[in-house]
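This is upload_23.tsv. It holds TSV, C-alpha atoms (C1' of nucleotides).
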```
chain	number	residue	atom	x	y	z
A	28	MET	CA	6.95	-26.95	14.99
A	29	SER	CA	9.65	-29.58	14.50
A	30	ASP	CA	6.92	-31.41	12.55
A	31	LEU	CA	6.73	-28.37	10.32
A	32	LEU	CA	10.47	-28.39	9.69
A	33	GLU	CA	10.25	-32.15	9.02
A	34	ARG	CA	7.39	-31.68	6.56
A	35	LEU	CA	9.28	-28.94	4.77
A	36	ARG	CA	12.46	-30.97	4.54
A	37	SER	CA	10.55	-33.93	3.13
A	38	ARG	CA	9.23	-31.63	0.42
A	39	GLY	CA	12.76	-30.86	-0.69
A	40	TRP	CA	13.20	-27.61	1.23
A	41	ARG	CA	16.82	-26.72	1.81
A	42	LEU	CA	16.95	-26.08	5.53
A	43	THR	CA	18.87	-22.87	6.16
A	44	SER	CA	19.25	-21.08	9.46
A	45	GLN	CA	17.18	-18.17	8.09
A	46	ARG	CA	14.24	-20.39	7.16
A	47	ARG	CA	14.43	-22.19	10.48
A	48	VAL	CA	14.31	-18.90	12.40
A	49	VAL	CA	11.34	-17.59	10.39
A	50	ALA	CA	9.46	-20.85	10.98
A	51	GLU	CA	10.22	-20.66	14.70
A	52	VAL	CA	9.03	-17.05	14.98
A	53	LEU	CA	5.70	-18.10	13.49
A	54	ASP	CA	5.12	-20.84	16.05
A	55	GLY	CA	2.13	-20.62	18.38
A	56	ASP	CA	-1.57	-19.85	18.61
A	57	HIS	CA	-3.21	-16.55	17.76
A	58	VAL	CA	-0.04	-15.39	16.04
A	59	HIS	CA	-0.77	-12.77	13.37
A	60	LEU	CA	2.48	-10.97	12.68
A	61	THR	CA	3.26	-8.61	9.83
A	62	ALA	CA	6.29	-9.34	7.66
A	63	ASP	CA	8.16	-6.54	9.40
A	64	GLU	CA	7.35	-7.97	12.82
A	65	VAL	CA	8.53	-11.39	11.68
A	66	HIS	CA	11.71	-9.76	10.43
A	67	ALA	CA	12.27	-7.92	13.73
A	68	ARG	CA	11.83	-11.09	15.79
A	69	ALA	CA	13.91	-13.18	13.45
A	70	ALA	CA	16.66	-10.55	13.59
A	71	GLU	CA	16.84	-10.93	17.38
A	72	ARG	CA	18.15	-14.44	16.85
A	73	LEU	CA	19.91	-13.94	13.53
A	74	PRO	CA	20.83	-10.27	13.22
A	75	GLU	CA	22.00	-10.36	9.62
A	76	ILE	CA	18.78	-11.80	8.15
A	77	SER	CA	17.44	-9.59	5.35
A	78	ARG	CA	13.94	-8.36	4.69
A	79	ALA	CA	13.94	-9.99	1.25
A	80	THR	CA	14.62	-13.40	2.79
A	81	VAL	CA	11.77	-12.98	5.25
A	82	TYR	CA	9.41	-12.06	2.41
A	83	ASN	CA	10.66	-14.97	0.29
A	84	THR	CA	10.29	-17.47	3.12
A	85	LEU	CA	6.84	-16.25	4.09
A	86	GLY	CA	5.77	-16.48	0.45
A	87	GLU	CA	7.05	-20.05	0.24
A	88	LEU	CA	5.30	-21.06	3.46
A	89	VAL	CA	2.08	-19.61	2.05
A	90	THR	CA	2.33	-21.49	-1.27
A	91	LEU	CA	3.15	-24.68	0.63
A	92	GLY	CA	-0.07	-24.15	2.60
A	93	GLU	CA	1.72	-24.03	5.95
A	94	VAL	CA	0.88	-20.40	6.68
A	95	LEU	CA	-2.11	-18.20	5.80
A	96	GLU	CA	-1.94	-14.66	4.54
A	97	VAL	CA	-4.48	-12.44	6.27
A	98	ALA	CA	-5.33	-8.95	4.97
A	99	THR	CA	-7.78	-7.55	7.53
A	100	ASP	CA	-6.96	-3.89	7.08
A	101	GLY	CA	-5.68	-2.14	4.00
A	102	ARG	CA	-2.24	-2.07	5.58
A	103	ALA	CA	0.41	-4.74	5.92
A	104	LYS	CA	-0.54	-8.37	5.40
A	105	ARG	CA	-0.35	-10.64	8.44
A	106	TYR	CA	0.84	-14.23	8.57
A	107	ASP	CA	-1.12	-16.87	10.45
A	108	PRO	CA	0.55	-20.23	11.16
A	109	ASN	CA	-2.77	-21.82	12.14
A	110	ALA	CA	-3.30	-23.06	8.57
A	111	HIS	CA	-4.42	-26.62	9.28
A	112	GLN	CA	-7.53	-25.81	11.29
A	113	PRO	CA	-10.25	-23.87	9.47
A	114	HIS	CA	-11.14	-20.65	11.26
A	115	GLN	CA	-12.16	-17.03	10.74
A	116	HIS	CA	-10.95	-13.75	12.24
A	117	LEU	CA	-12.36	-11.33	14.77
A	118	VAL	CA	-10.67	-7.93	14.58
A	119	CYS	CA	-10.84	-4.98	16.99
A	120	SER	CA	-11.70	-1.86	14.98
A	121	ALA	CA	-9.78	0.31	17.43
A	122	CYS	CA	-6.51	-1.43	18.24
A	123	GLY	CA	-6.35	-4.03	15.46
A	124	THR	CA	-6.02	-7.06	17.74
A	125	ILE	CA	-6.91	-10.29	15.93
A	126	ARG	CA	-8.46	-13.48	17.39
A	127	ASP	CA	-9.06	-16.73	15.61
A	128	VAL	CA	-12.73	-17.69	15.90
A	129	HIS	CA	-14.89	-20.65	14.87
A	130	PRO	CA	-18.39	-19.76	13.64
A	131	THR	CA	-21.02	-22.48	13.49
A	132	GLY	CA	-21.89	-24.00	10.14
A	133	ASP	CA	-20.10	-23.60	6.83
A	134	PRO	CA	-20.20	-20.02	5.53
A	135	LEU	CA	-20.01	-21.39	1.97
A	136	ALA	CA	-23.41	-23.04	2.44
A	137	ALA	CA	-25.04	-19.62	2.92
A	138	LEU	CA	-24.46	-18.68	-0.72
A	139	PRO	CA	-27.29	-20.12	-2.86
A	140	ALA	CA	-26.58	-21.32	-6.38
A	141	ALA	CA	-28.58	-18.43	-7.81
A	142	GLU	CA	-26.14	-16.03	-6.14
A	143	ARG	CA	-23.04	-17.70	-7.58
A	144	PHE	CA	-23.32	-16.35	-11.13
A	145	GLY	CA	-21.57	-19.37	-12.65
A	146	PHE	CA	-18.53	-19.06	-10.42
A	147	SER	CA	-17.03	-22.24	-8.97
A	148	VAL	CA	-16.85	-20.94	-5.43
A	149	ALA	CA	-14.02	-22.47	-3.41
A	150	THR	CA	-13.63	-20.58	-0.15
A	151	ALA	CA	-15.37	-18.09	2.12
A	152	GLU	CA	-13.42	-15.78	4.42
A	153	VAL	CA	-15.29	-14.05	7.19
A	154	THR	CA	-13.94	-11.04	9.08
A	155	TYR	CA	-15.91	-10.05	12.17
A	156	ARG	CA	-15.27	-6.50	13.41
A	157	GLY	CA	-16.05	-4.87	16.72
A	158	LEU	CA	-14.44	-3.51	19.86
A	159	CYS	CA	-12.32	-5.69	22.08
A	160	PRO	CA	-12.87	-5.59	25.88
A	161	ASP	CA	-9.89	-3.25	26.38
A	162	CYS	CA	-11.07	-0.73	23.77
A	163	ALA	CA	-14.81	-0.79	24.55
B	14	MET	CA	-27.33	9.88	-7.84
B	15	SER	CA	-28.82	13.37	-7.74
B	16	ASP	CA	-30.26	12.17	-4.39
B	17	LEU	CA	-26.69	11.56	-3.32
B	18	LEU	CA	-25.61	15.07	-4.28
B	19	GLU	CA	-28.68	16.43	-2.46
B	20	ARG	CA	-27.91	14.40	0.67
B	21	LEU	CA	-24.34	15.60	0.65
B	22	ARG	CA	-25.31	19.24	0.20
B	23	SER	CA	-27.79	19.00	3.06
B	24	ARG	CA	-24.97	17.74	5.25
B	25	GLY	CA	-23.03	20.91	4.59
B	26	TRP	CA	-20.85	19.63	1.78
B	27	ARG	CA	-19.47	22.33	-0.45
B	28	LEU	CA	-20.43	21.16	-3.90
B	29	THR	CA	-17.42	21.54	-6.18
B	30	SER	CA	-17.07	20.27	-9.74
B	31	GLN	CA	-14.41	17.80	-8.57
B	32	ARG	CA	-16.67	16.25	-5.95
B	33	ARG	CA	-19.55	16.12	-8.37
B	34	VAL	CA	-17.46	14.29	-10.96
B	35	VAL	CA	-16.16	11.76	-8.43
B	36	ALA	CA	-19.70	11.07	-7.23
B	37	GLU	CA	-20.89	10.62	-10.83
B	38	VAL	CA	-18.08	8.22	-11.66
B	39	LEU	CA	-19.14	6.04	-8.74
B	40	ASP	CA	-22.73	5.77	-9.92
B	41	GLY	CA	-24.14	2.35	-10.83
B	42	ASP	CA	-24.41	-1.28	-9.78
B	43	HIS	CA	-21.49	-3.66	-9.39
B	44	VAL	CA	-19.05	-0.77	-9.50
B	45	HIS	CA	-15.82	-1.58	-7.66
B	46	LEU	CA	-13.21	0.86	-8.89
B	47	THR	CA	-9.78	1.54	-7.42
B	48	ALA	CA	-8.87	5.11	-6.52
B	49	ASP	CA	-6.68	5.29	-9.62
B	50	GLU	CA	-9.51	4.09	-11.85
B	51	VAL	CA	-11.81	6.68	-10.31
B	52	HIS	CA	-9.14	9.28	-10.96
B	53	ALA	CA	-8.73	8.20	-14.58
B	54	ARG	CA	-12.46	8.33	-15.28
B	55	ALA	CA	-12.89	11.61	-13.44
B	56	ALA	CA	-10.00	13.08	-15.43
B	57	GLU	CA	-11.84	12.31	-18.68
B	58	ARG	CA	-14.43	14.86	-17.67
B	59	LEU	CA	-12.26	17.19	-15.63
B	60	PRO	CA	-8.67	16.79	-16.82
B	61	GLU	CA	-7.02	18.87	-14.12
B	62	ILE	CA	-8.44	16.94	-11.16
B	63	SER	CA	-5.67	15.78	-8.86
B	64	ARG	CA	-5.08	12.42	-7.25
B	65	ALA	CA	-5.15	13.98	-3.78
B	66	THR	CA	-8.64	15.35	-4.36
B	67	VAL	CA	-9.89	11.96	-5.50
B	68	TYR	CA	-8.45	10.34	-2.37
B	69	ASN	CA	-9.91	13.09	-0.17
B	70	THR	CA	-13.34	12.85	-1.75
B	71	LEU	CA	-13.43	9.06	-1.59
B	72	GLY	CA	-12.41	9.23	2.07
B	73	GLU	CA	-15.20	11.70	2.80
B	74	LEU	CA	-17.78	9.58	1.00
B	75	VAL	CA	-16.65	6.60	3.05
B	76	THR	CA	-16.90	8.44	6.41
B	77	LEU	CA	-20.32	9.76	5.38
B	78	GLY	CA	-21.37	6.15	4.78
B	79	GLU	CA	-22.23	6.75	1.13
B	80	VAL	CA	-19.49	4.50	-0.24
B	81	LEU	CA	-17.87	1.30	1.05
B	82	GLU	CA	-14.17	0.56	1.04
B	83	VAL	CA	-13.45	-2.99	-0.13
B	84	ALA	CA	-10.02	-4.60	0.31
B	85	THR	CA	-10.35	-8.00	-1.35
B	86	ASP	CA	-6.74	-8.44	-2.40
B	87	GLY	CA	-3.67	-7.03	-0.73
B	88	ARG	CA	-3.46	-4.44	-3.52
B	89	ALA	CA	-5.39	-1.23	-4.05
B	90	LYS	CA	-8.64	-0.67	-2.16
B	91	ARG	CA	-11.83	-0.57	-4.19
B	92	TYR	CA	-14.79	1.74	-3.70
B	93	ASP	CA	-18.33	0.38	-3.76
B	94	PRO	CA	-21.21	2.87	-4.07
B	95	ASN	CA	-23.77	0.20	-3.12
B	96	ALA	CA	-23.55	1.18	0.56
B	97	HIS	CA	-27.22	1.24	1.46
B	98	GLN	CA	-28.03	-2.39	0.70
B	99	PRO	CA	-26.17	-4.98	2.79
B	100	HIS	CA	-24.25	-7.43	0.64
B	101	GLN	CA	-21.07	-9.47	0.44
B	102	HIS	CA	-18.49	-9.99	-2.31
B	103	LEU	CA	-17.64	-12.83	-4.67
B	104	VAL	CA	-14.17	-12.49	-6.19
B	105	CYS	CA	-12.56	-14.36	-9.06
B	106	SER	CA	-9.18	-15.65	-7.90
B	107	ALA	CA	-7.83	-15.43	-11.44
B	108	CYS	CA	-8.97	-12.13	-12.93
B	109	GLY	CA	-10.11	-10.25	-9.83
B	110	THR	CA	-13.66	-9.57	-11.03
B	111	ILE	CA	-15.99	-8.68	-8.16
B	112	ARG	CA	-19.73	-9.36	-7.88
B	113	ASP	CA	-22.06	-8.22	-5.14
B	114	VAL	CA	-23.84	-11.24	-3.63
B	115	HIS	CA	-26.52	-11.80	-1.00
B	116	PRO	CA	-26.01	-14.88	1.20
B	117	THR	CA	-28.96	-16.21	3.17
B	118	GLY	CA	-29.14	-15.50	6.88
B	119	ASP	CA	-27.10	-13.08	8.92
B	120	PRO	CA	-23.41	-14.03	9.03
B	121	LEU	CA	-23.15	-12.35	12.44
B	122	ALA	CA	-25.54	-14.93	13.88
B	123	ALA	CA	-23.05	-17.71	13.12
B	124	LEU	CA	-20.65	-16.47	15.77
B	125	PRO	CA	-21.70	-17.86	19.19
B	126	ALA	CA	-21.21	-15.74	22.32
B	127	ALA	CA	-18.52	-18.14	23.52
B	128	GLU	CA	-16.50	-17.30	20.41
B	129	ARG	CA	-16.71	-13.53	20.89
B	130	PHE	CA	-14.15	-13.22	23.69
B	131	GLY	CA	-15.84	-10.17	25.19
B	132	PHE	CA	-15.78	-8.23	21.93
B	133	SER	CA	-18.87	-6.19	21.01
B	134	VAL	CA	-19.09	-7.52	17.47
B	135	ALA	CA	-20.63	-5.05	15.02
B	136	THR	CA	-20.17	-6.35	11.48
B	137	ALA	CA	-19.26	-9.43	9.49
B	138	GLU	CA	-17.69	-9.18	6.04
B	139	VAL	CA	-17.68	-12.27	3.88
B	140	THR	CA	-15.46	-12.69	0.83
B	141	TYR	CA	-16.25	-15.68	-1.37
B	142	ARG	CA	-13.47	-16.73	-3.73
B	143	GLY	CA	-13.51	-18.95	-6.76
B	144	LEU	CA	-13.21	-18.92	-10.53
B	145	CYS	CA	-15.58	-16.91	-12.68
B	146	PRO	CA	-17.12	-18.55	-15.78
B	147	ASP	CA	-14.60	-16.86	-18.09
B	148	CYS	CA	-11.57	-18.06	-16.11
B	149	ALA	CA	-12.78	-21.59	-15.27
C	23	DT	C1'	36.57	-32.27	0.36
C	24	DC	C1'	34.71	-30.10	-3.51
C	25	DC	C1'	30.98	-28.34	-6.55
C	26	DT	C1'	27.04	-26.18	-7.75
C	27	DA	C1'	22.47	-24.81	-7.85
C	28	DA	C1'	19.52	-23.10	-4.33
C	29	DG	C1'	19.33	-19.63	-1.22
C	30	DA	C1'	20.67	-15.03	1.09
C	31	DT	C1'	22.02	-10.25	0.84
C	32	DA	C1'	21.98	-4.98	0.16
C	33	DG	C1'	19.92	-1.77	-1.84
C	34	DA	C1'	17.43	0.12	-5.83
C	35	DC	C1'	12.92	0.27	-7.26
C	36	DC	C1'	7.61	0.33	-7.48
C	37	DG	C1'	2.68	1.16	-6.45
C	38	DA	C1'	-0.65	2.85	-3.29
C	39	DG	C1'	-1.58	6.21	-0.36
C	40	DT	C1'	-0.64	10.51	2.77
C	41	DC	C1'	1.02	15.08	3.73
C	42	DT	C1'	2.24	19.95	3.00
C	43	DA	C1'	2.43	24.52	1.45
C	44	DA	C1'	0.51	27.53	-1.66
C	45	DG	C1'	-3.14	28.80	-4.71
C	46	DT	C1'	-8.38	28.80	-5.91
C	47	DC	C1'	-13.21	29.29	-5.42
C	48	DA	C1'	-18.29	28.29	-3.44
C	49	DA	C1'	-21.41	30.47	-1.17
C	50	DG	C1'	-22.87	33.57	2.55
C	51	DA	C1'	-22.58	38.76	3.83
C	52	DA	C1'	-23.09	43.43	2.56
D	23	DT	C1'	-23.54	42.36	-7.64
D	24	DT	C1'	-19.22	42.28	-5.46
D	25	DC	C1'	-16.47	41.08	-1.51
D	26	DT	C1'	-14.59	37.93	1.85
D	27	DT	C1'	-13.09	33.93	3.81
D	28	DG	C1'	-12.41	29.46	5.08
D	29	DA	C1'	-13.17	25.25	2.77
D	30	DC	C1'	-11.33	23.03	-1.06
D	31	DT	C1'	-7.81	21.80	-4.69
D	32	DT	C1'	-3.27	21.30	-6.47
D	33	DA	C1'	1.61	19.58	-7.47
D	34	DG	C1'	4.82	17.23	-5.82
D	35	DA	C1'	7.54	15.40	-1.98
D	36	DC	C1'	7.26	11.78	1.10
D	37	DT	C1'	6.08	7.20	3.54
D	38	DC	C1'	5.08	2.48	3.79
D	39	DG	C1'	4.73	-2.18	2.30
D	40	DG	C1'	6.50	-4.98	-0.87
D	41	DT	C1'	9.31	-6.69	-5.15
D	42	DC	C1'	13.36	-7.13	-8.06
D	43	DT	C1'	18.23	-7.55	-9.35
D	44	DA	C1'	22.96	-8.42	-9.27
D	45	DT	C1'	26.18	-10.44	-6.42
D	46	DC	C1'	27.73	-13.34	-2.83
D	47	DT	C1'	27.21	-17.53	0.28
D	48	DT	C1'	26.25	-22.16	1.55
D	49	DA	C1'	23.59	-26.84	2.17
D	50	DG	C1'	24.07	-30.99	0.98
D	51	DG	C1'	25.03	-34.51	-2.65
D	52	DA	C1'	29.10	-36.68	-5.35
```
Mind turning this structure into structure tokens?
Amino acid sequence: MSDLLERLRSRGWRLTSQRRVVAEVLDGDHVHLTADEVHARAAERLPEISRATVYNTLGELVTLGEVLEVATDGRAKRYDPNAHQPHQHLVCSACGTIRDVHPTGDPLAALPAAERFGFSVATAEVTYRGLCPDCA
Amino acid sequence: MSDLLERLRSRGWRLTSQRRVVAEVLDGDHVHLTADEVHARAAERLPEISRATVYNTLGELVTLGEVLEVATDGRAKRYDPNAHQPHQHLVCSACGTIRDVHPTGDPLAALPAAERFGFSVATAEVTYRGLCPDCA
DNA sequence: TCCTAAGATAGACCGAGTCTAAGTCAAGAA
DNA sequence: TTCTTGACTTAGACTCGGTCTATCTTAGGA
């Protein structure tokens, strides 16, 4: 996490208390918070932080490649700090719980040239859906 | 398409002009319209059709398994009438164009038991992203 | 310590979708 | 054929997630 703050500073980020708190809230594994959840947790430490700042900071972290945006349902986007290790998501259809998972092989390789229609294909996102142990 | 209307009637659907028009608008291959686009096209044939009815009808078609809901961006959901043939989606990151594609193998098979964390995994959705020929 | 552009703030605004209360009509009954 | 009724449709208010704007604050270099 302090590495993250270091990396950001070295890219010319002005290090404000708001940005620090947002970065800290996003620390950890299997973290998939919505912007509102990030805001709520950040506000516990810094009560006057605004929603706009949380959205701005999350957007910056995404463009810097430090955080991934995940849209598994049609609802609020979720923010995943595990951006430096490639992975996919397993989502419970009932309660919405999300796990990071690591399928074998490269999903990109499964798309033959004839099925690419001239696109230069860059990424493949896989969302597995099912019932988690608690909901089954 | 008339098969679709027949199937729906045999499941007890009351066949109104609004539902018929929505079903007709969704006919065809590589159709991925938003609810608003469906509404606009339906309104060309039936000007007084309301947004709520379009949303209701799309929702019913989805629960009946006749239409798929696709959420490739964080924006409006799209509705895909190609529900009876398994396929995945290839999306242009620039213009948003969507193609149906057919990767080799079953993406579900790529997720080992050890990576399922006790979930009963039912489906795998793959979204390939890249630039289409026009945008490249 | 001072200056200033980058950043933060409150709150208005927007697009997508849902809900509600009242009106309409498809299709079975008589 | 007409009647009846509950399923369906409608307009418009409302919610939720997110963006924008005008104004104020502050990190960090001079």
Please, which residues in chain B fall within 9 Å of chain C when counting only C-alpha atoms (C1' of nucleotides), and what is the closest atom pair and distance in Å to one decimal for each, ordered by chain then residue number, as a tab-separated table?
```
residue	atom	partner	partner_atom	distance
B:Arg27	CA	C:DA48	C1'	6.8
B:Leu28	CA	C:DA48	C1'	7.5
B:Thr29	CA	C:DA48	C1'	7.3
B:Ala65	CA	C:DT40	C1'	8.7
B:Tyr68	CA	C:DG39	C1'	8.3
B:Arg88	CA	C:DA38	C1'	7.8
B:Ala89	CA	C:DA38	C1'	6.3
B:Lys90	CA	C:DA38	C1'	8.8
```
Taking (-15.5, 22.5, 2.2) in the coordinates of the supplied file, I want to know which residues reach to within 12 Å of it, counting all atoms listed in the file; could you give the answer as a PDB file with C-alpha atoms (C1' of nucleotides), keeping the file's coordinate frame?
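In the end it all went to part.pdb:
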```
ATOM      1  CA  LEU B  21     -24.340  15.600   0.650  1.00  0.00           C
ATOM      2  CA  ARG B  22     -25.310  19.240   0.200  1.00  0.00           C
ATOM      3  CA  ARG B  24     -24.970  17.740   5.250  1.00  0.00           C
ATOM      4  CA  GLY B  25     -23.030  20.910   4.590  1.00  0.00           C
ATOM      5  CA  TRP B  26     -20.850  19.630   1.780  1.00  0.00           C
ATOM      6  CA  ARG B  27     -19.470  22.330  -0.450  1.00  0.00           C
ATOM      7  CA  LEU B  28     -20.430  21.160  -3.900  1.00  0.00           C
ATOM      8  CA  THR B  29     -17.420  21.540  -6.180  1.00  0.00           C
ATOM      9  CA  GLN B  31     -14.410  17.800  -8.570  1.00  0.00           C
ATOM     10  CA  ARG B  32     -16.670  16.250  -5.950  1.00  0.00           C
ATOM     11  CA  THR B  66      -8.640  15.350  -4.360  1.00  0.00           C
ATOM     12  CA  ASN B  69      -9.910  13.090  -0.170  1.00  0.00           C
ATOM     13  CA  THR B  70     -13.340  12.850  -1.750  1.00  0.00           C
ATOM     14  CA  GLU B  73     -15.200  11.700   2.800  1.00  0.00           C
TER      15      GLU B  73
ATOM     16  C1'  DC C  47     -13.210  29.290  -5.420  1.00  0.00           C
ATOM     17  C1'  DA C  48     -18.290  28.290  -3.440  1.00  0.00           C
ATOM     18  C1'  DA C  49     -21.410  30.470  -1.170  1.00  0.00           C
TER      19       DA C  49
ATOM     20  C1'  DT D  27     -13.090  33.930   3.810  1.00  0.00           C
ATOM     21  C1'  DG D  28     -12.410  29.460   5.080  1.00  0.00           C
ATOM     22  C1'  DA D  29     -13.170  25.250   2.770  1.00  0.00           C
ATOM     23  C1'  DC D  30     -11.330  23.030  -1.060  1.00  0.00           C
ATOM     24  C1'  DT D  31      -7.810  21.800  -4.690  1.00  0.00           C
TER      25       DT D  31
END
```
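Atom pair atom CA of B:Asp147 / atom CA of A:Gly145 has a distance of 9.2 Å (rounded to one decimal).
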Write out as a compact mmCIF listing (two decimals) with C-alpha atoms, keeping the file's coordinate frame the residues lying within 7 Å of stretch 37-54 of chain B, counting all atoms listed in the file and excluding same-chain residues fewer than 2 positions away.
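The resulting around_34.txt:
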```txt
# COMPACT_ATOMS: atom_id res chain seq x y z
CA MET B 14 -27.33 9.88 -7.84
CA ARG B 33 -19.55 16.12 -8.37
CA VAL B 34 -17.46 14.29 -10.96
CA VAL B 35 -16.16 11.76 -8.43
CA ALA B 56 -10.00 13.08 -15.43
CA GLU B 57 -11.84 12.31 -18.68
CA ARG B 64 -5.08 12.42 -7.25
CA VAL B 67 -9.89 11.96 -5.50
CA TYR B 68 -8.45 10.34 -2.37
CA ALA B 89 -5.39 -1.23 -4.05
CA LYS B 90 -8.64 -0.67 -2.16
CA ARG B 91 -11.83 -0.57 -4.19
CA TYR B 92 -14.79 1.74 -3.70
CA ASP B 93 -18.33 0.38 -3.76
CA PRO B 94 -21.21 2.87 -4.07
CA ASN B 95 -23.77 0.20 -3.12
CA ARG B 112 -19.73 -9.36 -7.88
CA ASP B 113 -22.06 -8.22 -5.14
```
For atom CA of A:Ile125 and atom CA of A:Leu91, quote the distance in Å rounded to one decimal.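 Result for atom CA of A:Ile125 versus atom CA of A:Leu91: 23.3 Å, one decimal.
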Any idea which chain D residues end up within 10 Å of chain A if we count all atoms listed in the file, as a ChimeraX atom specification please? /D:38-42,48-50
Keeping only C-alpha atoms (C1' of nucleotides), write the selected residues to a file as a PDB file, in the coordinates of the input.
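Writing done, so here's out04.pdb:
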```
ATOM      1  C1'  DC D  38       5.080   2.480   3.790  1.00  0.00           C
ATOM      2  C1'  DG D  39       4.730  -2.180   2.300  1.00  0.00           C
ATOM      3  C1'  DG D  40       6.500  -4.980  -0.870  1.00  0.00           C
ATOM      4  C1'  DT D  41       9.310  -6.690  -5.150  1.00  0.00           C
ATOM      5  C1'  DC D  42      13.360  -7.130  -8.060  1.00  0.00           C
ATOM      6  C1'  DT D  48      26.250 -22.160   1.550  1.00  0.00           C
ATOM      7  C1'  DA D  49      23.590 -26.840   2.170  1.00  0.00           C
ATOM      8  C1'  DG D  50      24.070 -30.990   0.980  1.00  0.00           C
TER       9       DG D  50
END
```
Proximity check chain A to chain B, 8 Å, nearest pairs one decimal Å, all atoms listed in the file, as CSV:
```
residue,atom,partner,partner_atom,distance
A:Ala98,CA,B:Gly87,CA,6.2
A:Asp100,CA,B:Ala84,CA,7.5
A:Gly101,CA,B:Ala84,CA,6.2
A:Lys104,CA,B:Gly87,CA,7.0
A:Leu117,CA,B:Arg129,CA,7.8
A:Cys119,CA,B:Phe132,CA,7.7
A:Val128,CA,B:Glu128,CA,5.9
A:His129,CA,B:Glu128,CA,6.7
A:Pro130,CA,B:Leu124,CA,4.5
A:Thr131,CA,B:Ala123,CA,5.2
A:Gly132,CA,B:Ala123,CA,7.1
A:Pro134,CA,B:Pro120,CA,7.6
A:Leu135,CA,B:Tyr141,CA,7.6
A:Ala137,CA,B:Pro116,CA,5.1
A:Leu138,CA,B:Pro116,CA,4.5
A:Pro139,CA,B:Pro116,CA,6.8
A:Glu142,CA,B:Val114,CA,5.9
A:Arg143,CA,B:Val114,CA,7.6
A:Phe144,CA,B:Cys145,CA,7.9
A:Gly145,CA,B:Pro146,CA,5.5
A:Phe146,CA,B:Cys145,CA,4.3
A:Ser147,CA,B:Leu144,CA,5.3
A:Val148,CA,B:Gly143,CA,4.1
A:Ala149,CA,B:Gly143,CA,4.9
A:Thr150,CA,B:Arg142,CA,5.3
A:Ala151,CA,B:Tyr141,CA,4.3
A:Glu152,CA,B:Thr140,CA,5.2
A:Val153,CA,B:Val139,CA,4.5
A:Thr154,CA,B:Glu138,CA,5.2
A:Tyr155,CA,B:Ala137,CA,4.3
A:Arg156,CA,B:Thr136,CA,5.3
A:Gly157,CA,B:Val134,CA,4.1
A:Leu158,CA,B:Ser133,CA,5.3
A:Cys159,CA,B:Phe132,CA,4.3
A:Pro160,CA,B:Gly131,CA,5.5
A:Ala163,CA,B:Ser133,CA,7.6
```
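Atom to atom, atom CA of B:Glu19 and atom CA of B:Gly78 stand 14.5 Å apart.
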If you take every atom of stretch 37-52 of chain D that the file lists and fit an axis-aligned box around them with 8 Å extra on each side, what centre and edge lengths come out in Å to one decimal, as lines of an AutoDock Vina configuration file?
```
center_x = 16.9
center_y = -14.7
center_z = -2.8
size_x = 40.4
size_y = 59.9
size_z = 29.1
```
